[in-house]
Structure formats: structure tokens, C-alpha cells
file final_11.tsv (TSV, C-alpha atoms)
chain	number	residue	atom	x	y	z
A	1	MET	CA	-88.32	-2.95	-12.47
A	2	ILE	CA	-86.93	-4.41	-15.72
A	3	ARG	CA	-86.45	-1.08	-17.44
A	4	ARG	CA	-85.07	0.55	-14.28
A	5	LEU	CA	-82.40	-2.10	-13.85
A	6	LEU	CA	-81.53	-2.14	-17.55
A	7	VAL	CA	-80.93	1.61	-17.41
A	8	LEU	CA	-78.91	1.16	-14.24
A	9	ALA	CA	-76.91	-1.59	-15.92
A	10	ALA	CA	-76.06	0.74	-18.77
A	11	SER	CA	-74.93	3.50	-16.41
A	12	PHE	CA	-73.11	0.95	-14.27
A	13	THR	CA	-71.07	0.01	-17.34
A	14	LEU	CA	-69.99	3.59	-17.79
A	15	ILE	CA	-68.73	4.03	-14.24
A	16	SER	CA	-67.12	0.65	-13.73
A	17	THR	CA	-63.43	-0.01	-14.17
A	18	PRO	CA	-62.30	0.06	-17.82
A	19	ALA	CA	-61.82	-3.30	-19.50
A	20	LEU	CA	-58.08	-3.54	-18.98
A	21	ALA	CA	-55.86	-6.12	-17.33
A	22	GLN	CA	-56.63	-7.13	-13.73
A	23	PRO	CA	-55.70	-4.24	-11.39
A	24	GLU	CA	-52.40	-4.93	-9.69
A	25	GLY	CA	-52.85	-6.22	-6.17
A	26	GLU	CA	-56.64	-6.47	-6.25
A	27	SER	CA	-57.83	-9.74	-4.78
A	28	PHE	CA	-61.03	-11.43	-5.80
A	29	ALA	CA	-62.42	-10.72	-2.35
A	30	ASP	CA	-61.68	-7.00	-2.82
A	31	TRP	CA	-63.44	-6.91	-6.16
A	32	LEU	CA	-66.36	-8.97	-4.85
A	33	GLY	CA	-66.92	-6.73	-1.82
A	34	ASP	CA	-66.78	-3.60	-3.93
A	35	PHE	CA	-69.09	-5.03	-6.56
A	36	ARG	CA	-71.61	-6.24	-3.98
A	37	GLY	CA	-71.88	-2.71	-2.60
A	38	ARG	CA	-72.31	-1.17	-6.03
A	39	LEU	CA	-74.84	-3.83	-7.03
A	40	ILE	CA	-77.00	-3.16	-3.96
A	41	ALA	CA	-76.67	0.58	-4.55
A	42	THR	CA	-78.46	0.13	-7.88
A	43	GLY	CA	-81.55	-1.12	-6.04
A	44	VAL	CA	-80.91	-4.86	-6.05
A	45	GLU	CA	-82.17	-6.55	-2.87
A	46	GLU	CA	-79.51	-7.70	-0.42
A	47	THR	CA	-81.03	-11.19	-0.47
A	48	THR	CA	-80.54	-11.32	-4.23
A	49	ALA	CA	-76.94	-10.15	-3.97
A	50	SER	CA	-76.32	-12.78	-1.27
A	51	ALA	CA	-77.88	-15.54	-3.38
A	52	MET	CA	-75.59	-14.60	-6.22
A	53	LEU	CA	-72.34	-13.81	-4.45
A	54	ASP	CA	-72.09	-15.49	-1.04
A	55	GLY	CA	-69.23	-17.96	-0.95
A	56	LEU	CA	-68.25	-17.23	-4.55
A	57	GLN	CA	-64.70	-18.07	-5.59
A	58	PRO	CA	-62.96	-17.42	-8.91
A	59	GLU	CA	-62.45	-20.20	-11.41
A	60	MET	CA	-58.98	-19.83	-12.91
A	61	ARG	CA	-59.90	-22.13	-15.79
A	62	ILE	CA	-62.27	-19.38	-16.96
A	63	ILE	CA	-59.42	-16.88	-17.15
A	64	GLU	CA	-57.26	-19.36	-19.04
A	65	SER	CA	-60.05	-19.95	-21.56
A	66	ASP	CA	-60.66	-16.22	-21.98
A	67	ARG	CA	-56.99	-15.39	-22.49
A	68	SER	CA	-56.18	-18.26	-24.83
A	69	GLN	CA	-56.70	-17.45	-28.50
A	70	PRO	CA	-56.29	-20.59	-30.60
A	71	GLU	CA	-53.31	-20.20	-32.92
A	72	PHE	CA	-54.85	-22.38	-35.59
A	73	VAL	CA	-57.60	-20.93	-37.78
A	74	ARG	CA	-60.01	-23.64	-38.88
A	75	PRO	CA	-60.80	-23.58	-42.61
A	76	LEU	CA	-64.47	-23.10	-43.41
A	77	TRP	CA	-64.64	-26.51	-45.06
A	78	SER	CA	-63.38	-28.17	-41.87
A	79	TYR	CA	-65.85	-26.18	-39.77
A	80	LEU	CA	-68.74	-27.25	-42.00
A	81	ASP	CA	-67.66	-30.89	-41.74
A	82	ILE	CA	-68.48	-30.56	-38.03
A	83	ALA	CA	-71.36	-28.07	-38.13
A	84	ALA	CA	-73.26	-30.06	-40.74
A	85	SER	CA	-71.93	-33.54	-40.07
A	86	ASP	CA	-74.01	-36.59	-40.93
A	87	LEU	CA	-74.69	-37.15	-37.23
A	88	ARG	CA	-75.78	-33.57	-36.61
A	89	ILE	CA	-78.06	-33.69	-39.65
A	90	SER	CA	-79.59	-36.99	-38.52
A	91	ASN	CA	-80.05	-35.76	-34.95
A	92	GLY	CA	-81.54	-32.53	-36.27
A	93	ARG	CA	-84.13	-34.36	-38.33
A	94	SER	CA	-85.01	-36.49	-35.30
A	95	ALA	CA	-85.26	-33.42	-33.04
A	96	PHE	CA	-87.48	-31.71	-35.59
A	97	ALA	CA	-89.73	-34.76	-35.90
A	98	ASP	CA	-90.00	-35.13	-32.11
A	99	ASN	CA	-90.98	-31.48	-31.68
A	100	ARG	CA	-92.69	-30.85	-35.01
A	101	ASN	CA	-95.98	-29.37	-33.86
A	102	GLN	CA	-94.36	-27.04	-31.36
A	103	VAL	CA	-91.57	-25.92	-33.70
A	104	ASP	CA	-93.98	-25.26	-36.55
A	105	ALA	CA	-96.23	-23.25	-34.24
A	106	ILE	CA	-93.29	-21.16	-32.98
A	107	ALA	CA	-91.97	-20.60	-36.51
A	108	ALA	CA	-95.41	-19.50	-37.73
A	109	HIS	CA	-95.97	-17.21	-34.74
A	110	PHE	CA	-92.68	-15.35	-35.21
A	111	GLY	CA	-92.49	-15.62	-38.99
A	112	VAL	CA	-89.16	-17.45	-39.11
A	113	ARG	CA	-88.04	-20.65	-40.80
A	114	ALA	CA	-88.44	-23.76	-38.64
A	115	GLU	CA	-85.28	-25.47	-39.91
A	116	ILE	CA	-83.20	-22.40	-39.03
A	117	LEU	CA	-84.41	-22.66	-35.43
A	118	ILE	CA	-83.51	-26.35	-35.35
A	119	ALA	CA	-80.08	-25.63	-36.84
A	120	ILE	CA	-79.29	-22.95	-34.24
A	121	TRP	CA	-80.45	-25.35	-31.53
A	122	GLY	CA	-78.10	-27.98	-32.95
A	123	LEU	CA	-75.04	-25.74	-33.11
A	124	GLU	CA	-75.62	-24.09	-29.73
A	125	SER	CA	-76.34	-27.15	-27.58
A	126	SER	CA	-76.58	-30.27	-29.75
A	127	TYR	CA	-80.38	-30.01	-29.64
A	128	GLY	CA	-80.45	-29.40	-25.91
A	129	ALA	CA	-78.11	-32.26	-24.99
A	130	ILE	CA	-75.08	-30.09	-24.12
A	131	PRO	CA	-76.24	-26.70	-22.77
A	132	GLY	CA	-73.17	-26.28	-20.53
A	133	ASN	CA	-72.90	-26.84	-16.81
A	134	ASN	CA	-70.74	-23.93	-15.69
A	135	ASP	CA	-72.08	-21.63	-12.99
A	136	ILE	CA	-72.48	-18.47	-15.06
A	137	VAL	CA	-72.41	-16.21	-11.99
A	138	GLN	CA	-69.02	-17.63	-11.08
A	139	ALA	CA	-67.88	-17.38	-14.70
A	140	LEU	CA	-68.98	-13.76	-15.08
A	141	ALA	CA	-67.59	-12.78	-11.69
A	142	THR	CA	-64.25	-14.33	-12.62
A	143	LEU	CA	-64.18	-12.42	-15.91
A	144	ALA	CA	-65.11	-9.18	-14.14
A	145	TRP	CA	-62.33	-9.61	-11.58
A	146	GLU	CA	-59.78	-10.51	-14.28
A	147	GLY	CA	-60.59	-7.17	-15.83
A	148	ARG	CA	-60.17	-7.50	-19.59
A	149	ARG	CA	-63.94	-7.33	-20.10
A	150	ARG	CA	-64.94	-5.97	-16.70
A	151	SER	CA	-67.60	-3.52	-17.86
A	152	TRP	CA	-69.32	-6.16	-19.98
A	153	ALA	CA	-69.18	-8.86	-17.29
A	154	GLU	CA	-70.50	-6.58	-14.56
A	155	ALA	CA	-73.40	-5.51	-16.79
A	156	GLN	CA	-74.21	-9.21	-17.29
A	157	LEU	CA	-74.19	-9.78	-13.54
A	158	ILE	CA	-76.64	-6.91	-13.07
A	159	ALA	CA	-78.88	-8.59	-15.65
A	160	VAL	CA	-78.61	-11.84	-13.66
A	161	ALA	CA	-79.89	-9.98	-10.59
A	162	GLU	CA	-82.88	-8.78	-12.62
A	163	MET	CA	-83.55	-12.33	-13.79
A	164	LEU	CA	-83.60	-13.59	-10.21
A	165	GLU	CA	-85.76	-10.77	-8.86
A	166	SER	CA	-88.26	-11.18	-11.69
A	167	GLY	CA	-88.54	-14.91	-11.04
A	168	TYR	CA	-87.30	-15.85	-14.49
A	169	ALA	CA	-84.77	-18.32	-13.11
A	170	THR	CA	-83.50	-19.77	-9.87
A	171	ARG	CA	-79.91	-19.38	-8.71
A	172	GLU	CA	-79.30	-23.09	-9.32
A	173	GLN	CA	-80.63	-22.82	-12.86
A	174	LEU	CA	-78.01	-20.29	-13.95
A	175	THR	CA	-75.72	-22.62	-15.85
A	176	GLY	CA	-74.13	-22.46	-19.26
A	177	SER	CA	-70.81	-21.85	-20.96
A	178	TRP	CA	-67.56	-20.64	-19.41
A	179	ALA	CA	-68.17	-17.28	-21.13
A	180	GLY	CA	-71.53	-16.68	-19.45
A	181	ALA	CA	-73.95	-17.83	-22.19
A	182	MET	CA	-76.91	-19.79	-20.88
A	183	GLY	CA	-79.19	-22.63	-21.76
A	184	GLN	CA	-80.10	-24.49	-24.90
A	185	MET	CA	-79.77	-21.42	-27.13
A	186	GLN	CA	-76.77	-19.86	-25.33
A	187	PHE	CA	-78.14	-16.42	-24.46
A	188	ILE	CA	-76.06	-14.02	-22.39
A	189	PRO	CA	-78.08	-12.46	-19.53
A	190	THR	CA	-78.73	-9.09	-21.19
A	191	THR	CA	-79.94	-10.84	-24.35
A	192	TYR	CA	-82.09	-13.09	-22.18
A	193	LEU	CA	-83.81	-10.08	-20.61
A	194	ASP	CA	-84.43	-8.46	-23.98
A	195	ARG	CA	-85.23	-11.46	-26.18
A	196	ALA	CA	-86.14	-14.58	-24.14
A	197	HIS	CA	-89.77	-15.66	-24.53
A	198	ASP	CA	-92.19	-17.54	-22.28
A	199	TRP	CA	-93.81	-19.79	-24.86
A	200	ASP	CA	-95.92	-21.93	-22.52
A	201	GLY	CA	-97.13	-18.98	-20.42
A	202	ASP	CA	-96.01	-20.33	-17.07
A	203	GLY	CA	-94.38	-17.04	-16.09
A	204	ARG	CA	-90.81	-18.26	-16.56
A	205	ARG	CA	-88.64	-18.01	-19.64
A	206	ASN	CA	-87.00	-21.38	-19.19
A	207	ILE	CA	-84.30	-21.67	-21.86
A	208	TRP	CA	-82.51	-24.38	-19.86
A	209	THR	CA	-84.92	-27.33	-19.78
A	210	ASP	CA	-87.96	-26.22	-21.81
A	211	PRO	CA	-87.38	-26.63	-25.58
A	212	GLY	CA	-90.46	-24.54	-26.34
A	213	ASP	CA	-89.20	-21.53	-24.40
A	214	ALA	CA	-85.70	-22.03	-25.81
A	215	LEU	CA	-86.79	-22.23	-29.44
A	216	ALA	CA	-89.30	-19.39	-29.07
A	217	SER	CA	-86.56	-17.23	-27.56
A	218	ALA	CA	-84.33	-17.81	-30.59
A	219	ALA	CA	-87.27	-17.13	-32.90
A	220	ASN	CA	-88.05	-13.90	-31.06
A	221	LEU	CA	-84.43	-12.79	-31.41
A	222	LEU	CA	-84.43	-13.46	-35.15
A	223	ALA	CA	-87.78	-11.76	-35.65
A	224	ARG	CA	-86.75	-8.71	-33.64
A	225	GLU	CA	-83.52	-8.45	-35.64
A	226	GLY	CA	-85.44	-8.28	-38.92
A	227	TRP	CA	-85.97	-11.81	-40.22
A	228	ARG	CA	-87.86	-11.71	-43.51
A	229	GLU	CA	-90.50	-14.42	-43.62
A	230	GLY	CA	-90.12	-16.68	-46.63
A	231	GLY	CA	-86.86	-15.08	-47.68
A	232	PRO	CA	-83.77	-17.10	-48.63
A	233	THR	CA	-80.55	-17.15	-46.60
A	234	ILE	CA	-77.65	-18.28	-48.80
A	235	LEU	CA	-77.11	-19.67	-52.27
A	236	GLU	CA	-73.88	-21.40	-53.26
A	237	VAL	CA	-72.54	-20.10	-56.57
A	238	ARG	CA	-69.61	-20.63	-58.93
A	239	VAL	CA	-67.40	-17.61	-59.56
A	240	PRO	CA	-66.01	-17.54	-63.11
A	241	ALA	CA	-62.26	-17.43	-63.66
A	242	ASP	CA	-62.57	-14.05	-65.38
A	243	PHE	CA	-64.69	-12.46	-62.66
A	244	ASP	CA	-63.97	-8.73	-62.26
A	245	PHE	CA	-62.81	-8.56	-58.64
A	246	SER	CA	-61.82	-4.91	-59.06
A	247	SER	CA	-65.46	-3.89	-58.93
A	248	TRP	CA	-66.45	-6.31	-56.16
A	249	ASP	CA	-67.28	-4.91	-52.73
A	250	PRO	CA	-68.22	-7.62	-50.18
A	251	GLY	CA	-70.50	-5.14	-48.41
A	252	GLN	CA	-72.44	-4.18	-51.53
A	253	SER	CA	-75.75	-5.80	-52.45
A	254	ARG	CA	-76.81	-6.32	-56.05
A	255	LEU	CA	-79.83	-7.98	-57.61
A	256	VAL	CA	-79.18	-11.65	-58.23
A	257	SER	CA	-79.93	-10.98	-61.88
A	258	GLU	CA	-76.98	-8.57	-61.92
A	259	TRP	CA	-74.71	-11.19	-60.35
A	260	ALA	CA	-75.85	-13.58	-63.08
A	261	MET	CA	-74.89	-11.03	-65.74
A	262	ARG	CA	-71.42	-10.86	-64.14
A	263	GLY	CA	-70.97	-14.56	-64.77
A	264	LEU	CA	-72.03	-16.16	-61.51
A	265	THR	CA	-73.95	-19.43	-61.81
A	266	PRO	CA	-75.62	-21.63	-59.17
A	267	SER	CA	-73.37	-24.46	-58.03
A	268	ALA	CA	-76.28	-26.84	-58.53
A	269	GLY	CA	-79.29	-26.46	-60.79
A	270	ASP	CA	-80.48	-23.26	-62.41
A	271	TRP	CA	-81.41	-19.80	-61.21
A	272	GLN	CA	-84.76	-19.69	-59.49
A	273	ALA	CA	-87.08	-16.96	-60.66
A	274	ASP	CA	-87.84	-16.08	-57.04
A	275	HIS	CA	-84.14	-15.27	-56.48
A	276	LEU	CA	-83.39	-13.15	-59.53
A	277	MET	CA	-85.04	-9.95	-58.32
A	278	ARG	CA	-83.76	-10.21	-54.75
A	279	ALA	CA	-80.73	-8.28	-53.51
A	280	ALA	CA	-77.76	-10.28	-52.27
A	281	ARG	CA	-74.11	-9.84	-51.38
A	282	LEU	CA	-71.31	-12.03	-52.68
A	283	GLU	CA	-69.26	-13.66	-49.91
A	284	LEU	CA	-65.99	-15.45	-50.73
A	285	PRO	CA	-65.01	-17.03	-47.40
A	286	ALA	CA	-62.48	-19.32	-49.11
A	287	GLY	CA	-61.38	-16.84	-51.77
A	288	GLY	CA	-62.02	-16.76	-55.47
A	289	GLN	CA	-60.78	-20.33	-55.91
A	290	GLY	CA	-63.47	-21.68	-53.61
A	291	PRO	CA	-67.25	-21.57	-53.83
A	292	GLY	CA	-68.99	-18.25	-53.50
A	293	PHE	CA	-72.14	-17.57	-51.55
A	294	LEU	CA	-74.85	-15.10	-52.38
A	295	THR	CA	-76.08	-14.01	-48.97
A	296	PHE	CA	-79.48	-12.43	-48.42
A	297	PRO	CA	-80.72	-10.18	-45.58
A	298	ASN	CA	-81.67	-13.20	-43.45
A	299	PHE	CA	-78.03	-14.26	-43.49
A	300	ARG	CA	-77.10	-11.02	-41.74
A	301	VAL	CA	-79.85	-11.62	-39.18
A	302	ILE	CA	-78.17	-14.92	-38.27
A	303	LYS	CA	-74.90	-13.00	-37.84
A	304	ARG	CA	-76.62	-10.87	-35.22
A	305	TYR	CA	-77.06	-14.09	-33.28
A	306	ASN	CA	-73.37	-14.87	-33.71
A	307	ASN	CA	-71.25	-12.45	-35.71
A	308	SER	CA	-69.29	-15.09	-37.58
A	309	THR	CA	-69.53	-15.78	-41.30
A	310	SER	CA	-68.62	-19.43	-40.73
A	311	TYR	CA	-71.34	-19.76	-38.08
A	312	ALA	CA	-73.99	-18.17	-40.29
A	313	ILE	CA	-73.07	-20.38	-43.25
A	314	GLY	CA	-73.06	-23.37	-40.89
A	315	VAL	CA	-76.57	-22.58	-39.60
A	316	ALA	CA	-77.95	-21.94	-43.08
A	317	HIS	CA	-76.39	-25.07	-44.56
A	318	LEU	CA	-77.39	-27.30	-41.64
A	319	ALA	CA	-80.97	-26.01	-41.95
A	320	ASP	CA	-80.96	-26.88	-45.66
A	321	ARG	CA	-79.58	-30.37	-44.99
A	322	ILE	CA	-82.19	-31.00	-42.29
A	323	ALA	CA	-84.80	-29.97	-44.86
A	324	GLY	CA	-83.42	-32.55	-47.29
A	325	GLU	CA	-81.31	-30.30	-49.51
A	326	PRO	CA	-78.00	-31.64	-50.90
A	327	ALA	CA	-74.54	-30.93	-49.53
A	328	LEU	CA	-72.48	-28.00	-50.76
A	329	VAL	CA	-70.70	-28.66	-54.03
A	330	GLY	CA	-67.39	-26.86	-53.51
A	331	PRO	CA	-64.62	-27.45	-54.43
A	332	TRP	CA	-62.56	-26.02	-51.58
A	333	PRO	CA	-58.98	-24.71	-51.95
A	334	GLU	CA	-57.47	-27.26	-49.59
A	335	ASP	CA	-54.00	-26.49	-50.93
A	336	ASN	CA	-54.40	-22.86	-49.83
A	337	PRO	CA	-55.80	-22.98	-46.28
A	338	PRO	CA	-56.15	-19.91	-44.05
A	339	ILE	CA	-53.00	-19.01	-42.14
A	340	ASN	CA	-52.60	-19.01	-38.36
A	341	ARG	CA	-52.75	-15.99	-36.08
A	342	SER	CA	-48.98	-15.46	-35.84
A	343	GLN	CA	-48.73	-15.47	-39.61
A	344	THR	CA	-51.68	-13.07	-39.82
A	345	ARG	CA	-49.82	-10.63	-37.56
A	346	GLU	CA	-46.83	-10.88	-39.90
A	347	VAL	CA	-49.04	-10.09	-42.90
A	348	GLN	CA	-50.71	-7.17	-41.11
A	349	ALA	CA	-47.34	-5.66	-40.23
A	350	ALA	CA	-46.08	-6.20	-43.77
A	351	LEU	CA	-49.19	-4.63	-45.30
A	352	ASN	CA	-48.77	-1.61	-43.06
A	353	ALA	CA	-45.10	-1.33	-44.07
A	354	LEU	CA	-46.12	-1.48	-47.74
A	355	GLY	CA	-48.59	1.37	-47.25
A	356	PHE	CA	-51.80	-0.67	-47.01
A	357	ASP	CA	-53.39	0.17	-43.67
A	358	SER	CA	-54.60	-2.98	-41.92
A	359	GLY	CA	-54.71	-1.42	-38.46
A	360	THR	CA	-52.84	-2.67	-35.40
A	361	PRO	CA	-51.48	-6.20	-36.02
A	362	ASP	CA	-53.62	-8.44	-33.81
A	363	GLY	CA	-53.68	-11.75	-35.66
A	364	MET	CA	-57.37	-11.37	-36.54
A	365	ALA	CA	-58.18	-11.09	-40.25
A	366	GLY	CA	-61.09	-8.68	-39.84
A	367	PRO	CA	-62.61	-6.17	-42.29
A	368	ASN	CA	-59.65	-3.75	-42.13
A	369	THR	CA	-57.17	-6.50	-42.90
A	370	ARG	CA	-59.24	-7.88	-45.76
A	371	SER	CA	-59.69	-4.39	-47.23
A	372	ALA	CA	-55.95	-3.72	-47.02
A	373	LEU	CA	-55.25	-7.09	-48.60
A	374	ARG	CA	-57.62	-6.35	-51.49
A	375	ASP	CA	-55.79	-3.06	-52.08
A	376	PHE	CA	-52.48	-4.97	-52.08
A	377	GLN	CA	-53.87	-7.56	-54.48
A	378	ARG	CA	-55.07	-4.88	-56.90
A	379	ALA	CA	-51.71	-3.07	-56.76
A	380	TYR	CA	-49.66	-6.24	-57.30
A	381	GLY	CA	-51.77	-7.89	-59.99
A	382	HIS	CA	-53.56	-10.55	-57.95
A	383	SER	CA	-57.27	-11.33	-57.94
A	384	ALA	CA	-58.65	-8.99	-55.28
A	385	ASP	CA	-60.70	-11.55	-53.36
A	386	GLY	CA	-59.41	-10.51	-49.92
A	387	TYR	CA	-58.74	-14.12	-48.91
A	388	LEU	CA	-55.80	-14.46	-46.55
A	389	GLY	CA	-54.50	-17.93	-47.23
A	390	ARG	CA	-51.05	-19.40	-47.56
A	391	ALA	CA	-50.56	-18.03	-51.08
A	392	MET	CA	-51.20	-14.41	-50.06
A	393	TYR	CA	-49.06	-14.85	-46.94
A	394	GLU	CA	-46.12	-15.70	-49.16
A	395	ALA	CA	-46.93	-12.95	-51.68
A	396	VAL	CA	-47.22	-10.16	-49.11
A	397	LEU	CA	-44.04	-11.14	-47.28
A	398	ALA	CA	-42.16	-11.45	-50.58
A	399	ALA	CA	-43.27	-7.94	-51.59
A	400	GLN	CA	-42.13	-6.58	-48.25
A	401	ALA	CA	-38.74	-8.30	-48.63
A	402	VAL	CA	-38.27	-6.71	-52.06
A	403	ARG	CA	-39.26	-3.29	-50.71
A	404	ALA	CA	-36.72	-3.67	-47.86
A	405	GLU	CA	-33.81	-4.42	-50.23
call {"tool": "encode", "arguments": {"input": "final_11.tsv", "output": "C-alpha cells"}}
result
Amino acid sequence: MIRRLLVLAASFTLISTPALAQPEGESFADWLGDFRGRLIATGVEETTASAMLDGLQPEMRIIESDRSQPEFVRPLWSYLDIAASDLRISNGRSAFADNRNQVDAIAAHFGVRAEILIAIWGLESSYGAIPGNNDIVQALATLAWEGRRRSWAEAQLIAVAEMLESGYATREQLTGSWAGAMGQMQFIPTTYLDRAHDWDGDGRRNIWTDPGDALASAANLLAREGWREGGPTILEVRVPADFDFSSWDPGQSRLVSEWAMRGLTPSAGDWQADHLMRAARLELPAGGQGPGFLTFPNFRVIKRYNNSTSYAIGVAHLADRIAGEPALVGPWPEDNPPINRSQTREVQAALNALGFDSGTPDGMAGPNTRSALRDFQRAYGHSADGYLGRAMYEAVLAAQAVRAE
């Protein structure tokens, strides 16, 4: 049944309405009736469809949340102040102590680091205290009707039907975030089907109220994504003032010993022999004037949980603090914070006009924008660190103004 419905979900995604704006004139009732018929046609029992959809109404707050992109971009140092706050560290140590035997057993079974599991638990639900109380069926149905991510939301609803028919959850249990992520580890339904784990063997993968199942599910996800047992995650480093940015590629791994030969030094202490022969990438999330991070393969596994560099650094650093390691050293370039989304669109348009292809201006400083910015920096004599802060905003717009004269 599981595999059959997963295949159907995949094909359902292909035939459903493209993820565009809500179709003009389509009411929620129209979408709901059509979806119910298509859901049952995949083999879902009518009683399951009724349990999910009877009496369902859209929640306009969900649409507002989905459509609202925050204008302000939080600097990494501000994010880490929250992600690894003193309170979160203290609560994490308490949560670890209260669940020590179970967490250690889960970590050993899946070959992952216990503190990383605790850190993810802390960032996703404050150690189970705030898992979210939104009805995820209502949330996903609202997103499907709105239309921007219709294919994705409908596939998630099909996964919900599989969860109910397999007895993994009750209808009342399906709560979580406004975006459809569930439980203490914030799994979307398709991830739940593929990665959730029944740690206590009671036949239900209860990520809502059972910390064992929740933590084992996160451990299973990390293990299945390639976690390397005993391997490091990040190492904060100092980047020398004369570092050769022209030969730096953020996607390229080098042995730590090679990074050391290029002038990098640990922000605290000395190089560890265990690190020197490991491959790592250099991340500069705050630019060359801020701290650098050597990131190892396990760092990229965390990004498969949440594809955000800030999140992955937050998880890794919180795990280290829970384990008793010191805070990051810094310093951070607080006088050169990241720019907001409107300003990013200006820079993207200016880079394009200057012949550095950043793609369609969307206000998101993704890989294309950072690559175009590095090309600009090389051409105009700046350190090519790809960091889009206030200084580069002014430099790019000034270059465009000169070109336009």
C-alpha cells in the first residue's frame, strides 16, 4: 500500500494544476470537490477522504503567511544569538540529561551524534514544547487551493491519506506548522512516510508526543542522507587579510591541511590532527571580514534537513554548546550587515546590466547572485568573497551609475 500510494502521489503531482496563482473564479469548494474525486480515484478509501476533508474550510492566514516574504534579512550573528541563546543551550542540556539513555541509544543505533539530534529538536520545536498546533490538512488544503505550490501541497495531502490508512496517526493528531510540517521534528508528510521511525515498536511513528519516535526519525533521516559517524561538522576559522579569493570556490572541498597552507587558522586553539587530512569547504556567510567556517560532509547532511546555511551553522553550533564547547569567536561585520530583499533586487538588476548574470531579480541572494557578485568583485578590484552586504550594495550601484553616464 505504501509504495503504491507513493507512486500514485508522484504521478498525481504531474497531472495536477501547475503551481501558479489561484485559478480565477475557482472557489475552495470547487477545488475541494475536484480534489476529493481525484484522491479517491487513486485508491484512497472514501472514509479516509471524508475524515480528512469533510467540513474543511480555508484558513486565509495561511495564504498571508505563504505570500509574505520578510523584507528584512537577519544577519547570521543575530540568528545565532537566538538559535544558540543561553536559554536554548540550558534547556538543551536539561533535555539531554532527562532523555540521556534513550538519546544515546538512538544515536548509537543510527550512527549519528547525540548532540546534533538534541540541537535539531531544540530548533524545530524547543525540545518538544512548541510543535505547532495548526491543522496540517487545513493548511495544506489552503495552500493547494491558493495554487502557488499546488502540486507540492496535493502530494502532501496524498501522503496524509497514506498515514491515516496505515494507522501511523489519527486525524486529530495531524498538527504542526502553518506550512504543513508536523510534530516535534517538523516533518512534512512525504518525509514522514519515507523517514519517520517507530522507535518503541508500538506500530505508530508518533513524532508528535513521543520523543523517542521523534528523535529516532531525525536520526534516521540524517543516517539515510549520509551522516558520517564520528565525523566533524564545522570548524570556525580566521581568514587572513591576504587570502587569495580569486582561487576560492565555495563549492570546492580541499584537505584541511591545504586550507592551513593557504593561511587559515582555527579561531580558537590549534589544528587537530584528526582534522588535517579531512576534506572541507570554506564557507564565508558574513564575507571575508567575518569568521570563516570549514564545513565537512556532515554539515551538508544537516542542510538536507533544512537547506539553509544559517540553520546548519545554528544546529552545529548549538550542538557544540550543549556539549560544553565555547561560543564562536567572531568578530562579525556588524557595520556591513546583509541588505534587504528590495535592495537585493536592485543589485541583481544592476549586476545583469553590468554583464554579470545573476538571473531574474527576485530579492533572494542565492548561488547565481553570489557567483555573479564574485565575478563583479574580481572585475572591479574587490575581495571576491560573494558577500552581499551594504558595502557591495553601494559598490554595485555606483558602478552601474558610472556605466549609465
call {"tool": "atom_distance", "arguments": {"input": "final_11.tsv", "atom1": "CA of Ser342 in chain A", "atom2": "CA of Ala404 in chain A"}}
result
20.8 Å
call {"tool": "closest_atom_pairs", "arguments": {"input": "final_11.tsv", "of": "range 280-343 of chain A", "to": "range 236-247 of chain A", "cutoff": "6 Å", "atoms": "only C-alpha atoms", "output": "CSV"}}
result
residue,atom,partner,partner_atom,distance
A:Pro291,CA,A:Arg238,CA,5.7
A:Gly292,CA,A:Val237,CA,5.0
A:Phe293,CA,A:Glu236,CA,4.5
call {"tool": "atom_distance", "arguments": {"input": "final_11.tsv", "atom1": "CA of Asp198 in chain A", "atom2": "CA of Trp178 in chain A"}}
result
25.0 Å
call {"tool": "atom_distance", "arguments": {"input": "final_11.tsv", "atom1": "CA of Glu64 in chain A", "atom2": "CA of Arg150 in chain A"}}
result
15.6 Å
call {"tool": "closest_residue", "arguments": {"input": "final_11.tsv", "among": "A:Tyr305, A:Trp208, A:Phe72, A:Trp31", "to": "Thr191 in chain A", "atoms": "only C-alpha atoms"}}
result
A:Tyr305
call {"tool": "residues_around", "arguments": {"input": "final_11.tsv", "residues": "range 334-336 of chain A", "least_positions_apart": "3", "cutoff": "12 Å", "atoms": "only C-alpha atoms", "output": "PyMOL selection string"}}
result
chain A and resi 74-78+286-290+330-331+339+387-394
call {"tool": "write_last_selection", "arguments": {"input": "final_11.tsv", "atoms": "C-alpha atoms", "output": "short mmCIF file (atom, residue, chain, number, x, y, z; two decimals), in the frame of the given file"}}
result
data_model
loop_
_atom_site.label_atom_id
_atom_site.label_comp_id
_atom_site.auth_asym_id
_atom_site.auth_seq_id
_atom_site.Cartn_x
_atom_site.Cartn_y
_atom_site.Cartn_z
CA ARG A 74 -60.01 -23.64 -38.88
CA PRO A 75 -60.80 -23.58 -42.61
CA LEU A 76 -64.47 -23.10 -43.41
CA TRP A 77 -64.64 -26.51 -45.06
CA SER A 78 -63.38 -28.17 -41.87
CA ALA A 286 -62.48 -19.32 -49.11
CA GLY A 287 -61.38 -16.84 -51.77
CA GLY A 288 -62.02 -16.76 -55.47
CA GLN A 289 -60.78 -20.33 -55.91
CA GLY A 290 -63.47 -21.68 -53.61
CA GLY A 330 -67.39 -26.86 -53.51
CA PRO A 331 -64.62 -27.45 -54.43
CA ILE A 339 -53.00 -19.01 -42.14
CA TYR A 387 -58.74 -14.12 -48.91
CA LEU A 388 -55.80 -14.46 -46.55
CA GLY A 389 -54.50 -17.93 -47.23
CA ARG A 390 -51.05 -19.40 -47.56
CA ALA A 391 -50.56 -18.03 -51.08
CA MET A 392 -51.20 -14.41 -50.06
CA TYR A 393 -49.06 -14.85 -46.94
CA GLU A 394 -46.12 -15.70 -49.16
#
call {"tool": "decode", "arguments": {"input": "final_11.tsv", "residues": "range 143-156 of chain A", "atoms": "C-alpha atoms", "output": "PDB file, in the first residue's frame"}}
result
ATOM      1  CA  LEU A 143      -2.056  26.078   0.036  1.00  0.00           C
ATOM      2  CA  ALA A 144      -3.286  23.714  -2.682  1.00  0.00           C
ATOM      3  CA  TRP A 145      -6.354  25.868  -3.371  1.00  0.00           C
ATOM      4  CA  GLU A 146      -4.280  29.078  -3.401  1.00  0.00           C
ATOM      5  CA  GLY A 147      -2.275  27.473  -6.170  1.00  0.00           C
ATOM      6  CA  ARG A 148       1.284  28.759  -5.919  1.00  0.00           C
ATOM      7  CA  ARG A 149       2.507  25.370  -4.689  1.00  0.00           C
ATOM      8  CA  ARG A 150      -0.498  23.273  -5.672  1.00  0.00           C
ATOM      9  CA  SER A 151       1.368  20.216  -6.937  1.00  0.00           C
ATOM     10  CA  TRP A 152       3.503  20.030  -3.802  1.00  0.00           C
ATOM     11  CA  ALA A 153       0.577  20.555  -1.409  1.00  0.00           C
ATOM     12  CA  GLU A 154      -1.624  17.967  -3.116  1.00  0.00           C
ATOM     13  CA  ALA A 155       1.201  15.415  -2.987  1.00  0.00           C
ATOM     14  CA  GLN A 156       1.475  16.090   0.756  1.00  0.00           C
TER      15      GLN A 156
END
